[in-house]
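Data file: data.cif. Format and content: mmCIF, C-alpha atoms.
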data_my_file
#
loop_
_atom_site.group_PDB
_atom_site.id
_atom_site.type_symbol
_atom_site.label_atom_id
_atom_site.label_comp_id
_atom_site.auth_asym_id
_atom_site.auth_seq_id
_atom_site.Cartn_x
_atom_site.Cartn_y
_atom_site.Cartn_z
ATOM 1 C CA MET A 258 0.873 -2.908 14.681
ATOM 2 C CA LYS A 259 -2.165 -5.043 14.767
ATOM 3 C CA ASN A 260 -1.755 -8.626 13.765
ATOM 4 C CA SER A 261 -3.624 -7.992 10.484
ATOM 5 C CA ALA A 262 -1.290 -5.172 9.432
ATOM 6 C CA ILE A 263 1.881 -7.192 9.922
ATOM 7 C CA LYS A 264 0.328 -10.175 8.126
ATOM 8 C CA LEU A 265 -0.454 -7.922 5.170
ATOM 9 C CA VAL A 266 3.138 -6.647 5.146
ATOM 10 C CA TRP A 267 4.484 -10.207 5.118
ATOM 11 C CA PHE A 268 2.039 -11.300 2.416
ATOM 12 C CA THR A 269 2.894 -8.321 0.213
ATOM 13 C CA THR A 270 6.625 -8.865 0.669
ATOM 14 C CA ILE A 271 6.346 -12.523 -0.292
ATOM 15 C CA TYR A 272 4.144 -11.593 -3.269
ATOM 16 C CA VAL A 273 6.723 -9.095 -4.545
ATOM 17 C CA PHE A 274 9.551 -11.638 -4.242
ATOM 18 C CA ILE A 275 7.510 -14.271 -6.077
ATOM 19 C CA PHE A 276 6.574 -11.724 -8.744
ATOM 20 C CA ALA A 277 10.230 -10.766 -9.227
ATOM 21 C CA GLY A 278 11.163 -14.427 -9.562
ATOM 22 C CA LEU A 279 8.386 -15.136 -12.042
ATOM 23 C CA CYS A 280 9.498 -12.182 -14.159
ATOM 24 C CA GLN A 281 12.722 -14.093 -14.791
ATOM 25 C CA ALA A 282 10.783 -17.163 -15.935
ATOM 26 C CA ASN A 283 9.433 -17.631 -19.428
ATOM 27 C CA LEU A 284 5.885 -16.505 -18.658
ATOM 28 C CA THR A 285 3.733 -14.759 -21.205
ATOM 29 C CA LEU A 286 3.307 -11.014 -21.051
ATOM 30 C CA PRO A 287 -0.418 -11.126 -20.104
ATOM 31 C CA VAL A 288 0.377 -13.277 -17.049
ATOM 32 C CA ILE A 289 3.147 -10.910 -15.937
ATOM 33 C CA MET A 290 0.942 -7.851 -16.480
ATOM 34 C CA THR A 291 -1.929 -9.449 -14.542
ATOM 35 C CA LEU A 292 0.361 -10.146 -11.592
ATOM 36 C CA TYR A 293 1.696 -6.595 -11.868
ATOM 37 C CA CYS A 294 -1.807 -5.111 -11.863
ATOM 38 C CA ILE A 295 -2.637 -7.127 -8.739
ATOM 39 C CA GLY A 296 0.605 -6.112 -7.031
ATOM 40 C CA ILE A 297 0.249 -2.337 -7.340
ATOM 41 C CA PRO A 298 -3.051 -2.103 -5.396
ATOM 42 C CA LEU A 299 -1.683 -4.647 -2.920
ATOM 43 C CA ILE A 300 1.309 -2.411 -2.185
ATOM 44 C CA LEU A 301 -0.909 0.656 -1.892
ATOM 45 C CA LEU A 302 -3.241 -1.200 0.478
ATOM 46 C CA MET A 303 -0.270 -2.270 2.586
ATOM 47 C CA VAL A 304 1.052 1.294 2.840
ATOM 48 C CA TYR A 305 -2.394 2.660 3.736
ATOM 49 C CA THR A 306 -2.970 -0.065 6.347
ATOM 50 C CA VAL A 307 0.389 0.507 8.018
ATOM 51 C CA LEU A 308 -0.004 4.301 8.068
ATOM 52 C CA LYS A 309 -3.571 4.187 9.421
ATOM 53 C CA ASP A 310 -2.838 1.451 11.978
ATOM 54 C CA ASP A 311 -3.748 2.482 15.537
ATOM 55 C CA TYR A 312 -0.388 1.525 17.066
ATOM 56 C CA LYS A 313 0.604 3.046 20.396
ATOM 57 C CA THR A 314 3.953 2.787 22.155
ATOM 58 C CA THR A 315 5.585 4.233 25.234
ATOM 59 C CA LYS A 316 8.990 4.392 23.536
ATOM 60 C CA THR A 317 10.461 7.677 22.342
ATOM 61 C CA PHE A 318 13.579 8.587 20.401
ATOM 62 C CA LYS A 319 15.314 9.143 23.729
ATOM 63 C CA ASP A 320 14.987 5.393 24.403
ATOM 64 C CA TRP A 321 17.346 4.780 21.467
ATOM 65 C CA TYR A 322 17.261 1.255 20.020
ATOM 66 C CA GLY A 323 15.927 -1.962 21.521
ATOM 67 C CA ASP A 324 19.367 -3.556 21.493
ATOM 68 C CA HIS A 325 20.724 -0.794 23.783
ATOM 69 C CA PRO A 326 17.959 -0.373 26.383
ATOM 70 C CA MET A 327 20.231 0.720 29.261
ATOM 71 C CA LYS A 328 21.430 4.011 27.775
ATOM 72 C CA THR A 329 19.222 6.774 26.523
ATOM 73 C CA LEU A 330 20.032 9.616 24.204
ATOM 74 C CA GLU A 331 19.316 12.050 27.010
ATOM 75 C CA GLY A 332 22.020 10.481 29.171
ATOM 76 C CA GLU A 333 24.508 10.481 26.311
ATOM 77 C CA GLU A 334 23.790 14.164 25.572
ATOM 78 C CA GLU A 335 24.468 15.072 29.186
ATOM 79 C CA ASN A 336 27.741 13.114 29.115
ATOM 80 C CA GLN A 337 28.867 14.927 25.981
ATOM 81 C CA LYS A 338 28.095 18.339 27.530
ATOM 82 C CA THR A 339 30.087 17.564 30.672
ATOM 83 C CA GLY A 340 32.924 15.927 28.727
ATOM 84 C CA SER A 341 32.668 12.542 30.454
ATOM 85 C CA THR A 342 32.178 9.257 28.628
#
I need this file expressed as structure tokens, please.
Amino acid sequence: MKNSAIKLVWFTTIYVFIFAGLCQANLTLPVIMTLYCIGIPLILLMVYTVLKDDYKTTKTFKDWYGDHPMKTLEGEEENQKTGST
């Protein structure tokens, strides 16, 4: 993702946590509803930005996870077919 998309994700996440915390405080209903009305478009903007982000990668599902870069799914499938581990 571009730097702007990930910054928006972090900002929105922090905003939601702060909003949830402030809901437990003794704030008036208009303040809570104002924060809520700001949060909904913020979440929608975040989702749209992440989905429309022009992110390219060379990784595929065969590469498995980043914490297991040595094995691939393709190699594991072949091992299961031949019966070896």
- Task: Could you please determine the separation between CA of Thr285 (chain A) and CA of Ile297 (chain A) in Å, to one decimal place?
- Result: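 Calculated distance between CA of Thr285 (chain A) and CA of Ile297 (chain A) is 18.9 Å.
With CA of Cys294 (chain A) on one side and CA of Phe268 (chain A) on the other, the separation reads 16.0 Å.
Straight-line separation from CA of Phe274 (chain A) to CA of Gly296 (chain A): 10.9 Å.
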- Query: From the list A:Thr291, A:Gln281, A:Thr270, A:Asn260, which residue is nearest Asp311 (chain A) when using all atoms listed in the file?
  - Reply: A:Asn260
Give the padded box for region 264-281 of chain A as AutoDock Vina command-line options: axis-aligned, covering all atoms listed in the file, 3 Å on each side, centre and edge lengths in Å to one decimal.
--center_x 6.1 --center_y -10.9 --center_z -3.3 --size_x 19.2 --size_y 14.5 --size_z 28.9
- Task: Excluding Ile263 (chain A) and residues on its chain fewer than 5 positions from it, collect all residues at most 12 Å away from it, counting only C-alpha atoms, and give them as a ChimeraX atom specification.
- Result: /A:258,268-270,303-304,306-308,310,312
- With all atoms listed in the file as the atoms that count, which of A:Leu292, A:Tyr272, A:Phe318, A:Val266 lies nearest to Tyr305 (chain A)?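 Smallest separation from Tyr305 (chain A) among the options: A:Val266.
Distance check against Phe276 (chain A) using all atoms listed in the file: of A:Thr315, A:Leu302, A:Ser261, A:Met290, the minimum falls on A:Met290.
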